$ cat input-v7.tsv   # TSV, C-alpha atoms
chain	number	residue	atom	x	y	z
A	175	MET	CA	3.69	211.18	-86.48
A	176	SER	CA	1.25	209.70	-83.96
A	177	ALA	CA	-0.75	211.81	-81.51
A	178	ASN	CA	1.78	211.38	-78.69
A	179	GLY	CA	4.70	212.49	-80.89
A	180	LEU	CA	5.92	209.00	-81.85
A	181	PRO	CA	7.45	209.30	-85.32
A	182	LYS	CA	6.36	206.65	-87.83
A	183	THR	CA	9.95	206.02	-88.95
A	184	ALA	CA	13.57	206.60	-87.92
A	185	ASP	CA	16.97	205.46	-89.13
A	186	PHE	CA	18.01	204.25	-85.67
A	187	ILE	CA	15.88	203.37	-82.66
A	188	ILE	CA	17.57	203.15	-79.26
A	189	LEU	CA	15.60	201.51	-76.45
A	190	GLY	CA	16.56	202.81	-73.01
A	191	ALA	CA	17.71	206.29	-71.96
A	192	GLY	CA	20.17	205.28	-69.27
A	193	VAL	CA	23.91	205.93	-69.52
A	194	MET	CA	24.25	203.29	-72.29
A	195	GLY	CA	21.37	204.34	-74.54
A	196	ALA	CA	22.21	208.03	-74.08
A	197	SER	CA	25.90	207.42	-74.80
A	198	ILE	CA	25.05	205.48	-77.99
A	199	ALA	CA	22.70	208.29	-79.08
A	200	PHE	CA	25.42	210.89	-78.42
A	201	HIS	CA	28.07	209.02	-80.41
A	202	LEU	CA	25.74	208.23	-83.32
A	203	ALA	CA	24.53	211.85	-83.44
A	204	ARG	CA	28.13	213.09	-83.55
A	205	ARG	CA	28.54	211.27	-86.82
A	206	ASN	CA	25.48	212.91	-88.32
A	207	VAL	CA	24.00	209.60	-89.43
A	208	GLY	CA	20.31	210.41	-89.82
A	209	ARG	CA	17.20	210.31	-87.67
A	210	ILE	CA	17.75	208.82	-84.21
A	211	ALA	CA	14.87	208.07	-81.83
A	212	VAL	CA	15.51	207.23	-78.16
A	213	LEU	CA	12.60	205.56	-76.36
A	214	ASP	CA	12.35	205.01	-72.61
A	215	LYS	CA	9.52	203.32	-70.76
A	216	ASP	CA	10.00	205.85	-67.97
A	217	HIS	CA	12.40	208.79	-68.25
A	218	VAL	CA	16.11	209.44	-68.74
A	219	GLY	CA	18.30	207.81	-66.06
A	220	SER	CA	15.30	206.37	-64.19
A	221	GLY	CA	16.57	202.76	-64.26
A	222	GLY	CA	19.94	201.62	-62.96
A	223	SER	CA	21.80	204.76	-64.05
A	224	GLY	CA	20.21	207.08	-61.50
A	225	ARG	CA	20.85	204.52	-58.76
A	226	SER	CA	24.43	203.73	-59.70
A	227	SER	CA	27.27	204.06	-57.18
A	228	ALA	CA	29.14	205.42	-60.22
A	229	LEU	CA	32.69	204.32	-59.40
A	230	VAL	CA	35.29	205.15	-62.05
A	231	ARG	CA	38.23	202.72	-62.06
A	232	MET	CA	40.59	201.00	-64.48
A	233	HIS	CA	41.02	197.80	-62.49
A	234	TYR	CA	39.76	194.82	-64.44
A	235	SER	CA	41.22	191.40	-65.13
A	236	PHE	CA	40.12	191.30	-68.82
A	237	PRO	CA	42.18	193.58	-71.11
A	238	PRO	CA	39.31	194.90	-73.32
A	239	GLU	CA	37.51	196.09	-70.16
A	240	VAL	CA	40.63	198.02	-69.13
A	241	GLN	CA	40.75	199.56	-72.62
A	242	LEU	CA	37.08	200.60	-72.41
A	243	ALA	CA	37.69	202.10	-68.95
A	244	LEU	CA	40.72	204.06	-70.22
A	245	VAL	CA	38.78	205.54	-73.16
A	246	SER	CA	35.96	206.42	-70.76
A	247	LEU	CA	38.30	208.05	-68.22
A	248	LYS	CA	39.59	210.41	-70.92
A	249	ILE	CA	36.01	211.38	-71.76
A	250	PHE	CA	35.16	211.90	-68.06
A	251	GLN	CA	38.29	214.04	-67.64
A	252	HIS	CA	37.49	216.18	-70.71
A	253	TRP	CA	33.71	216.23	-70.30
A	254	ARG	CA	33.31	219.96	-70.90
A	255	GLU	CA	35.25	219.90	-74.19
A	256	ILE	CA	33.62	216.70	-75.49
A	257	VAL	CA	30.07	216.87	-74.13
A	258	GLY	CA	29.79	220.61	-73.52
A	259	GLU	CA	28.60	220.38	-69.90
A	260	PRO	CA	30.51	220.86	-66.61
A	261	GLY	CA	30.22	217.13	-65.75
A	262	GLU	CA	30.34	215.55	-62.32
A	263	PHE	CA	33.52	213.47	-62.25
A	264	ARG	CA	35.38	213.67	-58.93
A	265	LYS	CA	38.95	212.41	-58.70
A	266	THR	CA	39.52	210.72	-55.33
A	267	GLY	CA	41.94	207.94	-56.23
A	268	PHE	CA	40.94	204.29	-56.12
A	269	VAL	CA	42.30	201.23	-54.27
A	270	ARG	CA	41.69	197.55	-55.10
A	271	ILE	CA	42.19	195.09	-52.23
A	272	VAL	CA	42.04	191.36	-53.09
A	273	HIS	CA	41.78	188.20	-51.01
A	274	PRO	CA	44.96	187.05	-49.24
A	275	GLY	CA	46.57	184.59	-51.62
A	276	GLU	CA	45.52	186.57	-54.72
A	277	SER	CA	48.52	188.92	-54.69
A	278	GLU	CA	50.06	187.14	-57.68
A	279	ALA	CA	46.92	187.70	-59.76
A	280	LEU	CA	46.89	191.33	-58.60
A	281	LYS	CA	50.50	191.77	-59.76
A	282	GLN	CA	49.73	190.23	-63.16
A	283	ASN	CA	46.62	192.38	-63.64
A	284	VAL	CA	48.42	195.59	-62.66
A	285	ALA	CA	51.23	194.75	-65.11
A	286	MET	CA	48.63	194.19	-67.85
A	287	GLN	CA	46.82	197.44	-66.99
A	288	ARG	CA	50.07	199.41	-67.06
A	289	ASN	CA	50.95	197.91	-70.45
A	290	LEU	CA	47.64	199.22	-71.76
A	291	GLY	CA	48.39	202.71	-70.43
A	292	ALA	CA	46.58	202.77	-67.07
A	293	LYS	CA	48.11	204.88	-64.35
A	294	VAL	CA	48.22	202.32	-61.55
A	295	GLU	CA	50.80	201.11	-59.06
A	296	LEU	CA	51.20	198.30	-56.57
A	297	ILE	CA	51.44	199.56	-53.02
A	298	ASN	CA	52.28	197.67	-49.86
A	299	ARG	CA	50.60	197.83	-46.46
A	300	HIS	CA	52.76	200.74	-45.25
A	301	GLN	CA	52.08	202.85	-48.35
A	302	LEU	CA	48.37	202.08	-48.05
A	303	ARG	CA	48.40	203.14	-44.42
A	304	GLU	CA	49.97	206.45	-45.44
A	305	LEU	CA	47.43	206.91	-48.20
A	306	ALA	CA	44.43	205.96	-46.05
A	307	PRO	CA	45.26	206.47	-42.35
A	308	ASP	CA	41.64	205.75	-41.33
A	309	TRP	CA	41.74	202.24	-42.78
A	310	GLN	CA	42.64	199.06	-40.89
A	311	VAL	CA	45.07	197.32	-43.27
A	312	ASP	CA	47.06	194.90	-41.07
A	313	GLU	CA	46.35	191.84	-43.25
A	314	VAL	CA	46.84	193.57	-46.62
A	315	GLU	CA	49.95	192.37	-48.40
A	316	LEU	CA	49.56	194.37	-51.61
A	317	ALA	CA	46.93	196.65	-53.11
A	318	ALA	CA	46.52	198.39	-56.47
A	319	TYR	CA	46.29	202.19	-56.41
A	320	GLU	CA	44.99	204.43	-59.21
A	321	PRO	CA	45.53	208.13	-58.44
A	322	ASP	CA	43.34	209.41	-61.31
A	323	SER	CA	40.19	207.39	-60.65
A	324	GLY	CA	37.16	208.40	-58.58
A	325	TYR	CA	33.43	208.59	-59.12
A	326	GLY	CA	30.74	210.31	-61.14
A	327	ASP	CA	26.96	210.60	-61.33
A	328	GLY	CA	24.82	208.34	-63.52
A	329	ASN	CA	21.96	210.80	-63.79
A	330	VAL	CA	24.23	213.62	-64.92
A	331	VAL	CA	25.98	211.41	-67.50
A	332	ALA	CA	22.72	210.10	-69.02
A	333	ASN	CA	21.18	213.59	-69.15
A	334	ASP	CA	24.29	215.28	-70.56
A	335	PHE	CA	24.73	212.70	-73.32
A	336	LEU	CA	21.04	212.80	-74.23
A	337	ASN	CA	20.83	216.61	-74.20
A	338	ARG	CA	23.74	216.84	-76.64
A	339	ALA	CA	22.18	214.19	-78.89
A	340	ARG	CA	18.88	216.12	-78.84
A	341	ASP	CA	20.73	219.32	-79.78
A	342	SER	CA	21.79	217.41	-82.92
A	343	GLY	CA	18.21	216.45	-83.76
A	344	THR	CA	17.72	213.18	-81.86
A	345	THR	CA	14.07	212.56	-80.89
A	346	TYR	CA	13.55	211.49	-77.28
A	347	LEU	CA	10.31	209.84	-76.19
A	348	SER	CA	9.82	209.22	-72.48
A	349	LYS	CA	6.96	207.12	-71.12
A	350	THR	CA	7.09	205.06	-74.32
A	351	HIS	CA	7.28	201.37	-73.58
A	352	ALA	CA	8.68	199.04	-76.26
A	353	THR	CA	6.62	195.86	-76.01
A	354	ASN	CA	7.93	193.87	-78.98
A	355	PHE	CA	10.31	193.87	-81.91
A	356	LEU	CA	8.93	193.96	-85.44
A	357	ILE	CA	10.86	191.31	-87.34
A	358	GLU	CA	10.31	190.21	-90.94
A	359	GLY	CA	12.34	187.67	-92.87
A	360	GLY	CA	15.14	187.62	-90.28
A	361	ARG	CA	15.49	191.43	-90.36
A	362	ILE	CA	14.48	194.05	-87.81
A	363	ARG	CA	11.77	196.37	-89.12
A	364	GLY	CA	11.08	198.40	-86.00
A	365	VAL	CA	9.45	198.31	-82.60
A	366	GLN	CA	5.93	197.92	-81.27
A	367	THR	CA	5.28	200.33	-78.36
A	368	ASP	CA	2.33	201.10	-76.12
A	369	HIS	CA	1.79	204.17	-78.36
A	370	GLY	CA	1.95	202.39	-81.70
A	371	GLU	CA	4.65	201.20	-84.10
A	372	ILE	CA	7.87	202.94	-85.10
A	373	HIS	CA	9.84	201.54	-88.05
A	374	ALA	CA	13.61	201.56	-88.51
A	375	PRO	CA	16.24	199.31	-90.13
A	376	VAL	CA	18.45	199.42	-87.01
A	377	VAL	CA	17.33	198.92	-83.40
A	378	ILE	CA	19.65	198.96	-80.38
A	379	ALA	CA	18.36	197.56	-77.07
A	380	ALA	CA	20.10	199.17	-74.09
A	381	THR	CA	17.42	197.84	-71.76
A	382	GLY	CA	19.36	196.55	-68.72
A	383	PRO	CA	17.31	194.27	-66.46
A	384	TRP	CA	14.26	194.58	-68.76
A	385	THR	CA	16.08	192.87	-71.63
A	386	ARG	CA	15.11	189.22	-71.33
A	387	PRO	CA	11.29	189.52	-71.54
A	388	LEU	CA	11.60	191.91	-74.49
A	389	PHE	CA	13.60	189.36	-76.50
A	390	GLN	CA	11.18	186.45	-76.06
A	391	SER	CA	9.87	186.74	-79.63
A	392	THR	CA	13.28	186.97	-81.33
A	393	GLY	CA	14.47	183.37	-81.02
A	394	TYR	CA	17.44	184.62	-78.98
A	395	ASP	CA	17.23	184.38	-75.20
A	396	PRO	CA	19.76	186.75	-73.57
A	397	PRO	CA	21.28	184.96	-70.54
A	398	ILE	CA	20.60	187.86	-68.18
A	399	GLU	CA	19.48	187.42	-64.58
A	400	THR	CA	18.23	190.24	-62.38
A	401	GLU	CA	19.91	190.84	-59.02
A	402	PHE	CA	18.80	193.12	-56.17
A	403	HIS	CA	21.43	195.38	-54.57
A	404	GLN	CA	21.47	197.72	-51.60
A	405	VAL	CA	23.72	200.66	-50.77
A	406	ALA	CA	24.06	202.72	-47.59
A	407	ILE	CA	24.65	206.48	-47.58
A	408	LEU	CA	26.25	207.55	-44.28
A	409	LYS	CA	27.11	210.89	-42.78
A	410	ASN	CA	30.87	211.11	-42.19
A	411	ALA	CA	31.90	210.39	-38.62
A	412	PRO	CA	33.38	213.55	-37.02
A	413	THR	CA	37.05	212.84	-37.80
A	414	MET	CA	36.59	211.06	-41.13
A	415	LYS	CA	38.35	212.56	-44.13
A	416	PRO	CA	37.26	212.04	-47.73
A	417	GLY	CA	39.68	209.44	-49.10
A	418	ALA	CA	40.19	207.07	-51.99
A	419	ALA	CA	37.38	204.90	-53.29
A	420	CYS	CA	37.88	201.19	-52.71
A	421	ILE	CA	36.75	197.75	-53.85
A	422	ASP	CA	37.62	195.35	-51.07
A	423	SER	CA	37.34	191.58	-51.61
A	424	VAL	CA	38.14	190.80	-47.97
A	425	THR	CA	35.01	192.54	-46.63
A	426	ALA	CA	33.09	191.98	-49.92
A	427	THR	CA	32.18	195.67	-49.94
A	428	TYR	CA	33.02	198.76	-51.97
A	429	PHE	CA	32.99	202.28	-50.62
A	430	ARG	CA	33.72	205.88	-51.54
A	431	SER	CA	33.19	209.37	-50.23
A	432	ASP	CA	30.07	211.16	-51.45
A	433	ALA	CA	30.71	214.91	-51.74
A	434	SER	CA	32.70	216.16	-48.74
A	435	ASP	CA	30.39	215.13	-45.90
A	436	LYS	CA	28.92	211.77	-46.84
A	437	PHE	CA	30.07	208.22	-47.47
A	438	LEU	CA	28.66	205.44	-49.63
A	439	VAL	CA	28.99	201.71	-48.88
A	440	GLY	CA	27.82	198.90	-51.18
A	441	ASP	CA	27.75	195.13	-51.19
A	442	PHE	CA	29.30	192.65	-53.66
A	443	TYR	CA	26.39	190.24	-53.55
A	444	GLY	CA	22.66	190.54	-54.16
A	445	LYS	CA	19.50	188.45	-54.26
A	446	ARG	CA	18.25	186.84	-57.47
A	447	PRO	CA	15.87	187.02	-59.23
A	448	ILE	CA	14.08	190.31	-58.66
A	449	ASP	CA	11.34	192.06	-60.65
A	450	PRO	CA	12.90	195.31	-62.01
A	451	ASP	CA	9.44	196.92	-61.97
A	452	ASN	CA	8.65	195.87	-58.42
A	453	PHE	CA	11.50	195.80	-55.91
A	454	PRO	CA	11.92	197.37	-52.44
A	455	GLN	CA	12.64	201.08	-52.83
A	456	ARG	CA	14.20	201.16	-49.37
A	457	PRO	CA	16.88	198.76	-48.16
A	458	SER	CA	16.14	196.76	-45.03
A	459	ASP	CA	17.75	198.20	-41.89
A	460	ASN	CA	19.18	194.77	-41.02
A	461	ASP	CA	20.84	194.39	-44.40
A	462	LEU	CA	22.34	197.88	-44.27
A	463	GLU	CA	23.63	197.24	-40.76
A	464	GLU	CA	25.29	194.02	-41.96
A	465	ILE	CA	26.94	195.73	-44.97
A	466	ILE	CA	28.21	198.63	-42.82
A	467	GLU	CA	29.51	196.19	-40.20
A	468	ARG	CA	31.60	194.41	-42.84
A	469	ALA	CA	32.95	197.66	-44.29
A	470	ALA	CA	33.77	198.86	-40.75
A	471	ARG	CA	36.33	196.05	-40.44
A	472	ARG	CA	38.30	198.00	-43.02
A	473	LEU	CA	37.20	201.48	-41.93
A	474	PRO	CA	36.47	201.37	-38.17
A	475	LYS	CA	35.14	204.96	-38.06
A	476	LEU	CA	32.07	203.79	-39.99
A	477	GLU	CA	30.84	202.22	-36.74
A	478	THR	CA	29.94	205.66	-35.41
A	479	ALA	CA	28.75	207.15	-38.73
A	480	GLU	CA	25.05	208.00	-38.92
A	481	VAL	CA	23.02	206.24	-41.63
A	482	MET	CA	21.27	208.91	-43.69
A	483	ARG	CA	19.46	206.77	-46.25
A	484	GLY	CA	19.75	203.71	-48.44
A	485	VAL	CA	19.59	203.19	-52.18
A	486	THR	CA	18.34	200.05	-53.92
A	487	GLY	CA	18.73	198.92	-57.50
A	488	VAL	CA	18.74	196.01	-59.90
A	489	TYR	CA	21.77	194.63	-61.75
A	490	ASP	CA	21.49	192.83	-65.10
A	491	VAL	CA	23.91	189.92	-64.67
A	492	THR	CA	25.30	187.49	-67.25
A	493	PRO	CA	26.92	184.09	-66.51
A	494	ASP	CA	30.45	185.50	-66.94
A	495	SER	CA	29.54	188.90	-65.40
A	496	ARG	CA	30.42	190.68	-68.64
A	497	PRO	CA	28.11	192.59	-70.97
A	498	LEU	CA	26.45	191.40	-74.16
A	499	LEU	CA	27.54	193.83	-76.89
A	500	GLY	CA	26.84	193.62	-80.59
A	501	PRO	CA	24.55	192.06	-83.18
A	502	VAL	CA	21.80	189.73	-82.00
A	503	PRO	CA	22.08	186.27	-83.59
A	504	GLY	CA	19.42	185.59	-86.22
A	505	VAL	CA	18.01	189.13	-86.52
A	506	GLU	CA	19.83	191.44	-88.88
A	507	GLY	CA	19.89	195.08	-87.78
A	508	LEU	CA	19.15	194.30	-84.10
A	509	PHE	CA	21.89	195.11	-81.59
A	510	LEU	CA	22.16	194.43	-77.88
A	511	CYS	CA	23.94	196.44	-75.21
A	512	ALA	CA	23.07	194.99	-71.79
A	513	GLY	CA	24.21	192.61	-69.05
A	514	PHE	CA	26.72	194.95	-67.43
A	515	SER	CA	26.53	193.08	-64.10
A	516	GLY	CA	26.86	196.25	-62.01
A	517	MET	CA	29.95	197.68	-63.70
A	518	GLY	CA	28.47	199.61	-66.61
A	519	PHE	CA	28.67	203.24	-65.52
A	520	LYS	CA	32.45	203.55	-65.60
A	521	ILE	CA	32.71	202.30	-69.19
A	522	SER	CA	29.53	203.91	-70.55
A	523	PRO	CA	31.25	206.76	-72.47
A	524	ALA	CA	33.37	204.22	-74.40
A	525	ILE	CA	30.47	201.79	-74.87
A	526	GLY	CA	28.51	204.41	-76.83
A	527	LEU	CA	31.55	204.94	-79.03
A	528	VAL	CA	32.29	201.26	-79.75
A	529	MET	CA	28.61	200.44	-80.29
A	530	SER	CA	28.32	203.31	-82.79
A	531	GLU	CA	31.39	201.97	-84.61
A	532	GLN	CA	30.00	198.43	-84.64
A	533	ILE	CA	26.66	199.66	-86.03
A	534	LEU	CA	28.00	202.10	-88.63
A	535	ASP	CA	31.32	200.50	-89.65
A	536	GLY	CA	30.58	196.82	-89.06
A	537	LYS	CA	33.31	196.57	-86.42
A	538	ALA	CA	34.35	198.47	-83.30
A	539	LYS	CA	37.74	200.07	-83.98
A	540	THR	CA	38.53	201.93	-80.74
A	541	VAL	CA	38.37	198.69	-78.71
A	542	ASP	CA	37.66	195.26	-80.19
A	543	ILE	CA	34.40	194.14	-78.57
A	544	THR	CA	34.14	190.79	-80.40
A	545	PRO	CA	34.69	188.83	-77.13
A	546	PHE	CA	31.49	190.44	-75.73
A	547	ARG	CA	29.31	189.28	-78.66
A	548	PRO	CA	25.84	188.13	-77.55
A	549	SER	CA	26.31	184.72	-79.25
A	550	ARG	CA	29.34	183.74	-77.14
A	551	PHE	CA	27.46	181.51	-74.69
A	552	GLN	CA	25.77	179.55	-77.49
A	553	GLU	CA	29.25	179.13	-78.96
A	554	GLY	CA	30.59	177.88	-75.63
A	555	GLN	CA	32.99	180.84	-75.37
A	556	PRO	CA	32.23	182.74	-72.17
A	557	ILE	CA	34.86	185.30	-71.26
A	558	LYS	CA	37.56	184.03	-68.93
A	559	ALA	CA	40.39	186.35	-67.98
A	560	ASP	CA	43.90	184.98	-67.39
A	561	PHE	CA	44.08	186.15	-63.78
A	562	GLU	CA	40.56	186.38	-62.47
A	563	TYR	CA	39.80	186.91	-58.80
A	564	LYS	CA	37.45	184.60	-56.92
A	565	ASP	CA	34.79	187.30	-56.90
A	566	ASP	CA	35.31	188.81	-60.36
$ encode --input "input-v7.tsv" --output "structure tokens"
Amino acid sequence: MSANGLPKTADFIILGAGVMGASIAFHLARRNVGRIAVLDKDHVGSGGSGRSSALVRMHYSFPPEVQLALVSLKIFQHWREIVGEPGEFRKTGFVRIVHPGESEALKQNVAMQRNLGAKVELINRHQLRELAPDWQVDEVELAAYEPDSGYGDGNVVANDFLNRARDSGTTYLSKTHATNFLIEGGRIRGVQTDHGEIHAPVVIAATGPWTRPLFQSTGYDPPIETEFHQVAILKNAPTMKPGAACIDSVTATYFRSDASDKFLVGDFYGKRPIDPDNFPQRPSDNDLEEIIERAARRLPKLETAEVMRGVTGVYDVTPDSRPLLGPVPGVEGLFLCAGFSGMGFKISPAIGLVMSEQILDGKAKTVDITPFRPSRFQEGQPIKADFEYKDD
């Protein structure tokens, strides 16, 4: 072992201690597979996970994503039994509002979600008004409503998963920056870090927006772009009640309550590219004002809500806005788990499970993740759902 505690060898190295890396460590450790080392260039949850808006919802247009969300919801709901911690999942209900003219796609997607076992229903304007009396819904024809969805906390999830993995013997090294992969004869041999080398036959990169530079030496260039996002945290206006979370295509915003006295509003779109090590830590007042103004078209009471603070973060975005999951082409033993395009938190419990299956069994059994394989763009097979929305 080196002076800073870096072991010379491991059976599995996981790069990144966000919700993905921690979830993979947890699920591998549960299967008692040998020595696992988790490395993070900073500390657990310090990347996107700790800045996540942490919505939990089943509404996707691509069936495997719905399946991953369903598996994850069960884990969120039974956190104490499975992970052994109280957890931080709050059930608020969730509403999906689409552009006028996309009601047919909404119907098709809800039918597909229900077939897969999601608890979701189509509701009309009048039912939505009853559900959310504070909202302005005059132009809404149909919406999807999930009573069991809500939100969580990225920091809590990453820490809980990692703590359980460490209880099972996983080594965690913070402030340990992986600078390069050690590759020999088309096989992964380990990782070069700023504290020396660590060798292992299996390496999993759950490195979010830091992925692309890390892969430069592998011969595989992950098509991941970085995108800057801003979120407003508001104090509830005097008569506002905590209600359902919402993703609203019409205003291009998403929002949810935050505890009982606060409210969070985020934007669909961000600026590209952005340096994940050097981005504004505070949102601009003008940008926040603009985001809140749009959300206030749906929720007029936001106009009088006091802005408490803003949160900024960086998404790792792929060309089809879906993650890259699985073996890296051309390097045996190297796996990638990145490119979540801002939707990773809600499926992170299931991602750790399916990645552990892929690594240990050669194939993910719980949900087939073959469509997410990192080689799909080279093969000309980006993911395209049957009933995608304009802003999917």
$ residues_around --input "input-v7.tsv" --residues "Lys409 (chain A)" --least-positions-apart "4" --cutoff "10 Å" --atoms "only C-alpha atoms" --output "tab-separated table (two decimals) with C-alpha atoms, in the coordinates of the input"
chain	number	residue	atom	x	y	z
A	414	MET	CA	36.59	211.06	-41.13
A	431	SER	CA	33.19	209.37	-50.23
A	432	ASP	CA	30.07	211.16	-51.45
A	434	SER	CA	32.70	216.16	-48.74
A	435	ASP	CA	30.39	215.13	-45.90
A	436	LYS	CA	28.92	211.77	-46.84
A	437	PHE	CA	30.07	208.22	-47.47
A	438	LEU	CA	28.66	205.44	-49.63
A	476	LEU	CA	32.07	203.79	-39.99
A	478	THR	CA	29.94	205.66	-35.41
A	479	ALA	CA	28.75	207.15	-38.73
A	480	GLU	CA	25.05	208.00	-38.92
A	481	VAL	CA	23.02	206.24	-41.63
A	482	MET	CA	21.27	208.91	-43.69
A	483	ARG	CA	19.46	206.77	-46.25
$ residues_around --input "input-v7.tsv" --residues "Glu315 (chain A)" --least-positions-apart "5" --cutoff "10 Å" --atoms "all atoms listed in the file" --output "list in words"
Ile271, Val272, His273, Pro274, Gly275, Glu276, Ser277, Ile297, Asn298, Arg299, His300 and Leu302 of chain A
$ closest_residue --input "input-v7.tsv" --among "A:Met194, A:Val207, A:Ala538, A:Val488" --to "Cys511 (chain A)" --atoms "all atoms listed in the file"
A:Met194
$ closest_atom_pairs --input "input-v7.tsv" --of "region 231-300 of chain A" --to "region 544-549 of chain A" --cutoff "12 Å" --atoms "only C-alpha atoms" --output "Markdown table"
| residue | atom | partner | partner_atom | distance |
| --- | --- | --- | --- | --- |
| A:Phe236 | CA | A:Pro545 | CA | 10.2 |
| A:Pro237 | CA | A:Pro545 | CA | 10.7 |
| A:Pro238 | CA | A:Pro545 | CA | 8.5 |
| A:Glu239 | CA | A:Phe546 | CA | 10.0 |
$ residues_around --input "input-v7.tsv" --residues "Ile249 (chain A)" --least-positions-apart "5" --cutoff "12 Å" --atoms "all atoms listed in the file" --output "PyMOL selection string"
chain A and resi 197+201+230+242-244+254-259+261-263+326+331+335+520-527
$ closest_residue --input "input-v7.tsv" --among "A:Arg446, A:Phe551, A:Val212, A:Phe519" --to "Ala374 (chain A)" --atoms "only C-alpha atoms"
A:Val212
$ residues_around --input "input-v7.tsv" --residues "Asp308 (chain A)" --least-positions-apart "5" --cutoff "12 Å" --atoms "all atoms listed in the file" --output "list in words"
Leu302, Arg303, Ala411, Thr413, Met414, Lys415, Pro416, Gly417, Ala418, Ala470, Arg471, Arg472, Leu473, Pro474, Lys475 and Leu476 of chain A
$ atom_distance --input "input-v7.tsv" --atom1 "CA of Glu477 (chain A)" --atom2 "CA of Glu463 (chain A)"
9.6 Å
$ atom_distance --input "input-v7.tsv" --atom1 "CA of Asp334 (chain A)" --atom2 "CA of His351 (chain A)"
22.2 Å
